[in-house]
>>> print(open('protein-v4.txt').read())   # compact mmCIF, N, CA and C atoms
# COMPACT_ATOMS: atom_id res chain seq x y z
N MET M 1 51.10 -58.17 -37.64
CA MET M 1 50.30 -56.99 -37.71
C MET M 1 51.14 -55.81 -37.20
N GLU M 2 51.17 -54.81 -38.01
CA GLU M 2 51.98 -53.65 -37.70
C GLU M 2 51.07 -52.57 -37.10
N LEU M 3 51.49 -51.95 -36.01
CA LEU M 3 50.70 -50.93 -35.32
C LEU M 3 51.16 -49.56 -35.78
N ASN M 4 50.22 -48.77 -36.24
CA ASN M 4 50.52 -47.41 -36.69
C ASN M 4 50.20 -46.46 -35.54
N TYR M 5 51.25 -46.00 -34.87
CA TYR M 5 51.08 -45.16 -33.68
C TYR M 5 50.52 -43.77 -34.03
N LEU M 6 50.79 -43.30 -35.18
CA LEU M 6 50.29 -41.99 -35.59
C LEU M 6 48.78 -42.02 -35.75
N LYS M 7 48.26 -43.08 -36.37
CA LYS M 7 46.82 -43.22 -36.53
C LYS M 7 46.15 -43.42 -35.17
N LEU M 8 46.77 -44.19 -34.29
CA LEU M 8 46.24 -44.40 -32.95
C LEU M 8 46.17 -43.08 -32.18
N TYR M 9 47.23 -42.27 -32.25
CA TYR M 9 47.26 -40.98 -31.57
C TYR M 9 46.13 -40.08 -32.07
N PHE M 10 45.95 -39.94 -33.38
CA PHE M 10 44.89 -39.09 -33.92
C PHE M 10 43.51 -39.64 -33.59
N SER M 11 43.35 -40.96 -33.58
CA SER M 11 42.06 -41.55 -33.24
C SER M 11 41.71 -41.25 -31.78
N LEU M 12 42.65 -41.44 -30.88
CA LEU M 12 42.39 -41.16 -29.46
C LEU M 12 42.18 -39.66 -29.22
N THR M 13 42.94 -38.83 -29.88
CA THR M 13 42.78 -37.38 -29.73
C THR M 13 41.42 -36.94 -30.24
N LEU M 14 41.01 -37.45 -31.41
CA LEU M 14 39.71 -37.11 -31.96
C LEU M 14 38.58 -37.61 -31.06
N THR M 15 38.72 -38.78 -30.50
CA THR M 15 37.72 -39.32 -29.58
C THR M 15 37.63 -38.44 -28.34
N GLY M 16 38.73 -38.06 -27.77
CA GLY M 16 38.74 -37.20 -26.58
C GLY M 16 38.13 -35.84 -26.85
N LEU M 17 38.47 -35.27 -28.02
CA LEU M 17 37.91 -33.97 -28.36
C LEU M 17 36.40 -34.07 -28.61
N THR M 18 35.96 -35.16 -29.19
CA THR M 18 34.53 -35.35 -29.43
C THR M 18 33.78 -35.47 -28.11
N ILE M 19 34.30 -36.24 -27.20
CA ILE M 19 33.66 -36.39 -25.88
C ILE M 19 33.67 -35.04 -25.14
N PHE M 20 34.80 -34.33 -25.20
CA PHE M 20 34.89 -33.02 -24.56
C PHE M 20 33.86 -32.05 -25.16
N ALA M 21 33.73 -32.01 -26.47
CA ALA M 21 32.76 -31.13 -27.13
C ALA M 21 31.34 -31.51 -26.75
N GLY M 22 31.06 -32.79 -26.65
CA GLY M 22 29.71 -33.24 -26.26
C GLY M 22 29.37 -32.81 -24.84
N VAL M 23 30.31 -33.01 -23.93
CA VAL M 23 30.08 -32.63 -22.53
C VAL M 23 29.93 -31.11 -22.42
N GLU M 24 30.80 -30.36 -23.10
CA GLU M 24 30.70 -28.90 -23.08
C GLU M 24 29.38 -28.42 -23.69
N GLY M 25 28.95 -29.07 -24.75
CA GLY M 25 27.66 -28.73 -25.36
C GLY M 25 26.51 -28.98 -24.41
N TYR M 26 26.57 -30.09 -23.67
CA TYR M 26 25.53 -30.42 -22.69
C TYR M 26 25.49 -29.36 -21.59
N TYR M 27 26.65 -29.01 -21.06
CA TYR M 27 26.68 -28.01 -19.99
C TYR M 27 26.27 -26.63 -20.49
N SER M 28 26.62 -26.30 -21.72
CA SER M 28 26.19 -25.02 -22.29
C SER M 28 24.68 -24.98 -22.45
N TYR M 29 24.10 -26.07 -22.91
CA TYR M 29 22.64 -26.14 -23.05
C TYR M 29 21.96 -26.04 -21.69
N LYS M 30 22.51 -26.73 -20.70
CA LYS M 30 21.96 -26.68 -19.34
C LYS M 30 22.03 -25.26 -18.80
N ALA M 31 23.12 -24.56 -19.03
CA ALA M 31 23.25 -23.17 -18.58
C ALA M 31 22.25 -22.28 -19.32
N TYR M 32 22.03 -22.53 -20.60
CA TYR M 32 21.06 -21.76 -21.38
C TYR M 32 19.65 -21.94 -20.81
N VAL M 33 19.29 -23.19 -20.51
CA VAL M 33 17.96 -23.47 -19.96
C VAL M 33 17.80 -22.80 -18.59
N LEU M 34 18.81 -22.87 -17.76
CA LEU M 34 18.74 -22.24 -16.44
C LEU M 34 18.63 -20.71 -16.56
N ALA M 35 19.35 -20.13 -17.50
CA ALA M 35 19.27 -18.68 -17.70
C ALA M 35 17.88 -18.28 -18.18
N LYS M 36 17.32 -19.11 -19.05
CA LYS M 36 15.97 -18.83 -19.55
C LYS M 36 14.94 -18.92 -18.42
N GLU M 37 15.06 -19.92 -17.56
CA GLU M 37 14.16 -20.05 -16.41
C GLU M 37 14.35 -18.89 -15.43
N ALA M 38 15.58 -18.48 -15.22
CA ALA M 38 15.85 -17.35 -14.31
C ALA M 38 15.24 -16.07 -14.85
N LYS M 39 15.33 -15.88 -16.16
CA LYS M 39 14.76 -14.69 -16.77
C LYS M 39 13.24 -14.70 -16.63
N ALA M 40 12.63 -15.88 -16.86
CA ALA M 40 11.17 -15.98 -16.69
C ALA M 40 10.77 -15.73 -15.24
N TYR M 41 11.55 -16.24 -14.31
CA TYR M 41 11.27 -16.01 -12.89
C TYR M 41 11.40 -14.54 -12.54
N ALA M 42 12.43 -13.87 -13.08
CA ALA M 42 12.62 -12.44 -12.81
C ALA M 42 11.47 -11.62 -13.37
N ILE M 43 11.00 -11.97 -14.57
CA ILE M 43 9.88 -11.25 -15.17
C ILE M 43 8.62 -11.44 -14.33
N GLN M 44 8.39 -12.67 -13.86
CA GLN M 44 7.22 -12.93 -13.02
C GLN M 44 7.31 -12.19 -11.70
N ALA M 45 8.51 -12.16 -11.12
CA ALA M 45 8.70 -11.43 -9.86
C ALA M 45 8.45 -9.94 -10.06
N GLN M 46 8.87 -9.40 -11.21
CA GLN M 46 8.64 -7.99 -11.51
C GLN M 46 7.14 -7.72 -11.66
N ARG M 47 6.43 -8.61 -12.33
CA ARG M 47 4.98 -8.46 -12.47
C ARG M 47 4.29 -8.52 -11.12
N ASP M 48 4.73 -9.46 -10.29
CA ASP M 48 4.14 -9.59 -8.95
C ASP M 48 4.39 -8.32 -8.13
N ALA M 49 5.60 -7.76 -8.25
CA ALA M 49 5.92 -6.54 -7.51
C ALA M 49 5.06 -5.37 -7.99
N LYS M 50 4.86 -5.27 -9.30
CA LYS M 50 4.01 -4.20 -9.82
C LYS M 50 2.57 -4.37 -9.35
N ALA M 51 2.08 -5.61 -9.36
CA ALA M 51 0.71 -5.86 -8.90
C ALA M 51 0.57 -5.52 -7.42
N ALA M 52 1.58 -5.90 -6.62
CA ALA M 52 1.53 -5.59 -5.19
C ALA M 52 1.58 -4.08 -4.96
N ALA M 53 2.37 -3.37 -5.76
CA ALA M 53 2.44 -1.91 -5.63
C ALA M 53 1.11 -1.28 -6.01
N ALA M 54 0.47 -1.82 -7.03
CA ALA M 54 -0.84 -1.29 -7.43
C ALA M 54 -1.89 -1.54 -6.34
N ARG M 55 -1.86 -2.74 -5.75
CA ARG M 55 -2.80 -3.04 -4.66
C ARG M 55 -2.55 -2.13 -3.46
N GLU M 56 -1.28 -1.88 -3.15
CA GLU M 56 -0.95 -0.99 -2.03
C GLU M 56 -1.41 0.43 -2.30
N LYS M 57 -1.26 0.87 -3.54
CA LYS M 57 -1.70 2.22 -3.90
C LYS M 57 -3.22 2.34 -3.75
N VAL M 58 -3.94 1.31 -4.18
CA VAL M 58 -5.40 1.32 -4.04
C VAL M 58 -5.77 1.35 -2.55
N ARG M 59 -5.06 0.55 -1.75
CA ARG M 59 -5.34 0.51 -0.31
C ARG M 59 -5.07 1.87 0.34
N LEU M 60 -3.96 2.50 -0.04
CA LEU M 60 -3.63 3.80 0.53
C LEU M 60 -4.63 4.87 0.09
N ASN M 61 -5.07 4.80 -1.16
CA ASN M 61 -6.09 5.75 -1.62
C ASN M 61 -7.39 5.57 -0.85
N LYS M 62 -7.75 4.31 -0.60
CA LYS M 62 -8.97 4.04 0.16
C LYS M 62 -8.84 4.58 1.58
N LEU M 63 -7.67 4.35 2.21
CA LEU M 63 -7.45 4.88 3.56
C LEU M 63 -7.49 6.41 3.57
N ALA M 64 -6.92 7.02 2.55
CA ALA M 64 -6.93 8.49 2.48
C ALA M 64 -8.36 9.01 2.34
N LYS M 65 -9.17 8.33 1.53
CA LYS M 65 -10.56 8.75 1.37
C LYS M 65 -11.33 8.59 2.68
N GLU M 66 -11.09 7.46 3.37
CA GLU M 66 -11.76 7.25 4.66
C GLU M 66 -11.33 8.33 5.67
N GLN M 67 -10.04 8.64 5.67
CA GLN M 67 -9.53 9.67 6.59
C GLN M 67 -10.15 11.02 6.27
N ALA M 68 -10.24 11.35 4.97
CA ALA M 68 -10.84 12.62 4.57
C ALA M 68 -12.32 12.66 4.96
N HIS M 69 -13.00 11.52 4.81
CA HIS M 69 -14.42 11.47 5.19
C HIS M 69 -14.58 11.67 6.69
N ARG M 70 -13.70 11.00 7.48
CA ARG M 70 -13.75 11.17 8.93
C ARG M 70 -13.50 12.63 9.31
N GLN M 71 -12.49 13.23 8.68
CA GLN M 71 -12.17 14.62 8.99
C GLN M 71 -13.32 15.54 8.59
N GLN M 72 -13.95 15.26 7.46
CA GLN M 72 -15.10 16.06 7.02
C GLN M 72 -16.25 15.94 8.01
N THR M 73 -16.47 14.73 8.52
CA THR M 73 -17.52 14.53 9.52
C THR M 73 -17.22 15.32 10.79
N ILE M 74 -15.96 15.30 11.19
CA ILE M 74 -15.55 16.05 12.38
C ILE M 74 -15.72 17.55 12.15
N ASN M 75 -15.31 18.01 10.98
CA ASN M 75 -15.46 19.44 10.66
C ASN M 75 -16.93 19.84 10.63
N ASN M 76 -17.78 18.98 10.07
CA ASN M 76 -19.21 19.27 10.04
C ASN M 76 -19.80 19.33 11.45
N ALA M 77 -19.37 18.42 12.31
CA ALA M 77 -19.87 18.41 13.68
C ALA M 77 -19.42 19.69 14.41
N GLN M 78 -18.17 20.10 14.21
CA GLN M 78 -17.67 21.32 14.85
C GLN M 78 -18.42 22.54 14.34
N ARG M 79 -18.66 22.58 13.02
CA ARG M 79 -19.40 23.70 12.44
C ARG M 79 -20.83 23.74 12.99
N THR M 80 -21.45 22.56 13.12
CA THR M 80 -22.81 22.49 13.67
C THR M 80 -22.82 22.99 15.11
N ASN M 81 -21.82 22.58 15.89
CA ASN M 81 -21.74 23.06 17.28
C ASN M 81 -21.56 24.57 17.33
N ASN M 82 -20.77 25.12 16.44
CA ASN M 82 -20.58 26.58 16.40
C ASN M 82 -21.87 27.29 16.01
N GLU M 83 -22.59 26.73 15.04
CA GLU M 83 -23.85 27.35 14.62
C GLU M 83 -24.89 27.30 15.74
N ILE M 84 -24.93 26.18 16.46
CA ILE M 84 -25.89 26.07 17.58
C ILE M 84 -25.53 27.06 18.67
N CYS M 85 -24.25 27.22 18.95
CA CYS M 85 -23.81 28.19 19.95
C CYS M 85 -24.21 29.61 19.52
N SER M 86 -23.98 29.91 18.26
CA SER M 86 -24.36 31.24 17.75
C SER M 86 -25.87 31.45 17.85
N PHE M 87 -26.63 30.43 17.51
CA PHE M 87 -28.09 30.54 17.58
C PHE M 87 -28.55 30.84 19.00
N TRP M 88 -28.05 30.05 19.97
CA TRP M 88 -28.50 30.25 21.34
C TRP M 88 -27.96 31.55 21.93
N THR M 89 -26.81 32.01 21.45
CA THR M 89 -26.30 33.31 21.90
C THR M 89 -27.23 34.44 21.44
N VAL M 90 -27.67 34.37 20.20
CA VAL M 90 -28.60 35.38 19.67
C VAL M 90 -29.94 35.29 20.42
N GLU M 91 -30.42 34.07 20.65
CA GLU M 91 -31.68 33.89 21.37
C GLU M 91 -31.59 34.44 22.80
N TYR M 92 -30.45 34.20 23.44
CA TYR M 92 -30.30 34.70 24.81
C TYR M 92 -30.23 36.23 24.83
N ARG M 93 -29.59 36.81 23.82
CA ARG M 93 -29.53 38.27 23.75
C ARG M 93 -30.92 38.86 23.53
N ASP M 94 -31.75 38.17 22.72
CA ASP M 94 -33.11 38.67 22.44
C ASP M 94 -34.00 38.52 23.67
N THR M 95 -34.05 37.32 24.21
CA THR M 95 -34.90 37.08 25.40
C THR M 95 -34.06 36.43 26.46
N ARG M 96 -33.78 37.15 27.49
CA ARG M 96 -32.89 36.66 28.54
C ARG M 96 -33.66 35.78 29.52
N THR M 97 -33.83 34.50 29.12
CA THR M 97 -34.49 33.54 30.01
C THR M 97 -33.45 32.54 30.50
N ASP M 98 -33.81 31.86 31.59
CA ASP M 98 -32.91 30.84 32.13
C ASP M 98 -32.73 29.67 31.15
N TYR M 99 -33.81 29.31 30.46
CA TYR M 99 -33.75 28.22 29.49
C TYR M 99 -32.75 28.56 28.37
N ASN M 100 -32.88 29.78 27.83
CA ASN M 100 -31.96 30.18 26.76
C ASN M 100 -30.51 30.24 27.26
N LYS M 101 -30.34 30.70 28.51
CA LYS M 101 -29.00 30.78 29.10
C LYS M 101 -28.39 29.39 29.24
N SER M 102 -29.17 28.42 29.76
CA SER M 102 -28.63 27.07 29.93
C SER M 102 -28.36 26.41 28.58
N MET M 103 -29.21 26.63 27.59
CA MET M 103 -28.98 26.08 26.25
C MET M 103 -27.74 26.72 25.62
N MET M 104 -27.58 28.02 25.79
CA MET M 104 -26.41 28.72 25.25
C MET M 104 -25.14 28.20 25.92
N ASP M 105 -25.16 28.06 27.25
CA ASP M 105 -23.98 27.58 27.95
C ASP M 105 -23.59 26.18 27.50
N GLY M 106 -24.58 25.30 27.37
CA GLY M 106 -24.28 23.93 26.93
C GLY M 106 -23.75 23.88 25.50
N ALA M 107 -24.40 24.62 24.61
CA ALA M 107 -23.97 24.61 23.20
C ALA M 107 -22.59 25.25 23.04
N CYS M 108 -22.35 26.32 23.73
CA CYS M 108 -21.05 26.99 23.61
C CYS M 108 -19.94 26.18 24.28
N ALA M 109 -20.28 25.44 25.32
CA ALA M 109 -19.28 24.56 25.95
C ALA M 109 -18.86 23.47 24.96
N ARG M 110 -19.83 22.91 24.23
CA ARG M 110 -19.50 21.90 23.21
C ARG M 110 -18.67 22.52 22.09
N ALA M 111 -19.01 23.75 21.71
CA ALA M 111 -18.30 24.40 20.60
C ALA M 111 -16.87 24.78 21.01
N ARG M 112 -16.67 25.08 22.30
CA ARG M 112 -15.33 25.47 22.75
C ARG M 112 -14.40 24.29 22.95
N LYS M 113 -14.95 23.10 23.04
CA LYS M 113 -14.10 21.93 23.25
C LYS M 113 -13.12 21.80 22.10
N ALA M 114 -11.95 21.26 22.43
CA ALA M 114 -10.93 21.05 21.39
C ALA M 114 -11.48 20.11 20.33
N PRO M 115 -11.19 20.36 19.08
CA PRO M 115 -11.69 19.48 18.03
C PRO M 115 -11.19 18.05 18.23
N VAL M 116 -12.05 17.12 17.91
CA VAL M 116 -11.70 15.72 18.04
C VAL M 116 -10.65 15.39 17.00
N LYS M 117 -9.64 14.60 17.41
CA LYS M 117 -8.61 14.20 16.45
C LYS M 117 -9.24 13.29 15.41
N SER M 118 -8.72 13.36 14.20
CA SER M 118 -9.32 12.61 13.10
C SER M 118 -9.12 11.11 13.26
N SER M 119 -8.16 10.66 14.07
CA SER M 119 -7.95 9.23 14.24
C SER M 119 -9.02 8.61 15.13
N ASN M 120 -9.76 9.45 15.86
CA ASN M 120 -10.81 8.96 16.72
C ASN M 120 -12.10 8.86 15.93
N ALA M 121 -12.71 7.68 15.91
CA ALA M 121 -13.91 7.48 15.11
C ALA M 121 -15.15 7.99 15.85
N PHE M 122 -15.05 8.21 17.19
CA PHE M 122 -16.20 8.65 17.97
C PHE M 122 -16.32 10.15 17.93
N ILE M 123 -17.49 10.63 17.57
CA ILE M 123 -17.74 12.08 17.52
C ILE M 123 -18.83 12.38 18.54
N ASP M 124 -18.52 13.25 19.47
CA ASP M 124 -19.45 13.56 20.55
C ASP M 124 -20.23 14.83 20.18
N LEU M 125 -21.44 14.64 19.69
CA LEU M 125 -22.26 15.78 19.33
C LEU M 125 -23.04 16.32 20.52
N LYS M 126 -23.17 15.52 21.57
CA LYS M 126 -23.93 15.94 22.74
C LYS M 126 -23.07 16.66 23.77
N GLY M 127 -21.76 16.58 23.59
CA GLY M 127 -20.87 17.26 24.53
C GLY M 127 -20.57 16.46 25.78
N ASN M 128 -20.91 15.19 25.80
CA ASN M 128 -20.64 14.32 26.97
C ASN M 128 -19.24 13.81 26.95
>>> encode(input="protein-v4.txt", output="structure tokens")
Amino acid sequence: MELNYLKLYFSLTLTGLTIFAGVEGYYSYKAYVLAKEAKAYAIQAQRDAKAAAAREKVRLNKLAKEQAHRQQTINNAQRTNNEICSFWTVEYRDTRTDYNKSMMDGACARARKAPVKSSNAFIDLKGN
């Protein structure tokens, strides 16, 4: 039996190249699948970030509305105190009685107090 070394060389080379191509194809497919999963993960993370930003915006809007409502309540209380002071001042000017004087002093003392900061939820309408 005569051995043909040229045929053996080409057979082994072709076998090696086939195995190499198969392994490279497998790794290329694996890289493609991983890239596809990474892209899906990135898209989901982007959606989650947008949803979180929208929730934060809603929360901040709600806090701003609550703050505005608190400030409006404080402004209304201060305006009421000023109106009561003005009322008792006019009453005291019309009829100078001790009752009108004490009511004017109390109302004007409340009106002169520094406005309550908006972060404080307690509003003192009685002046205590």
>>> axis_aligned_box(input="protein-v4.txt", around="stretch 41-56 of chain M", padding_each_side="5 Å", output="JSON")
{"center_x": 4.9, "center_y": -7.9, "center_z": -8.6, "size_x": 25.4, "size_y": 26.7, "size_z": 23.1}
>>> atom_distance(input="protein-v4.txt", atom1="atom N of M:Thr89", atom2="atom N of M:Lys101")
8.0 Å
>>> closest_residue(input="protein-v4.txt", among="M:Ser28, M:Ile84, M:Ser11, M:Asp94", to="M:Gly106", atoms="only N, CA and C atoms")
M:Ile84
>>> atom_distance(input="protein-v4.txt", atom1="atom C of M:Gln67", atom2="atom N of M:Ser86")
26.3 Å
>>> atom_distance(input="protein-v4.txt", atom1="atom CA of M:Cys85", atom2="atom CA of M:Thr73")
18.3 Å
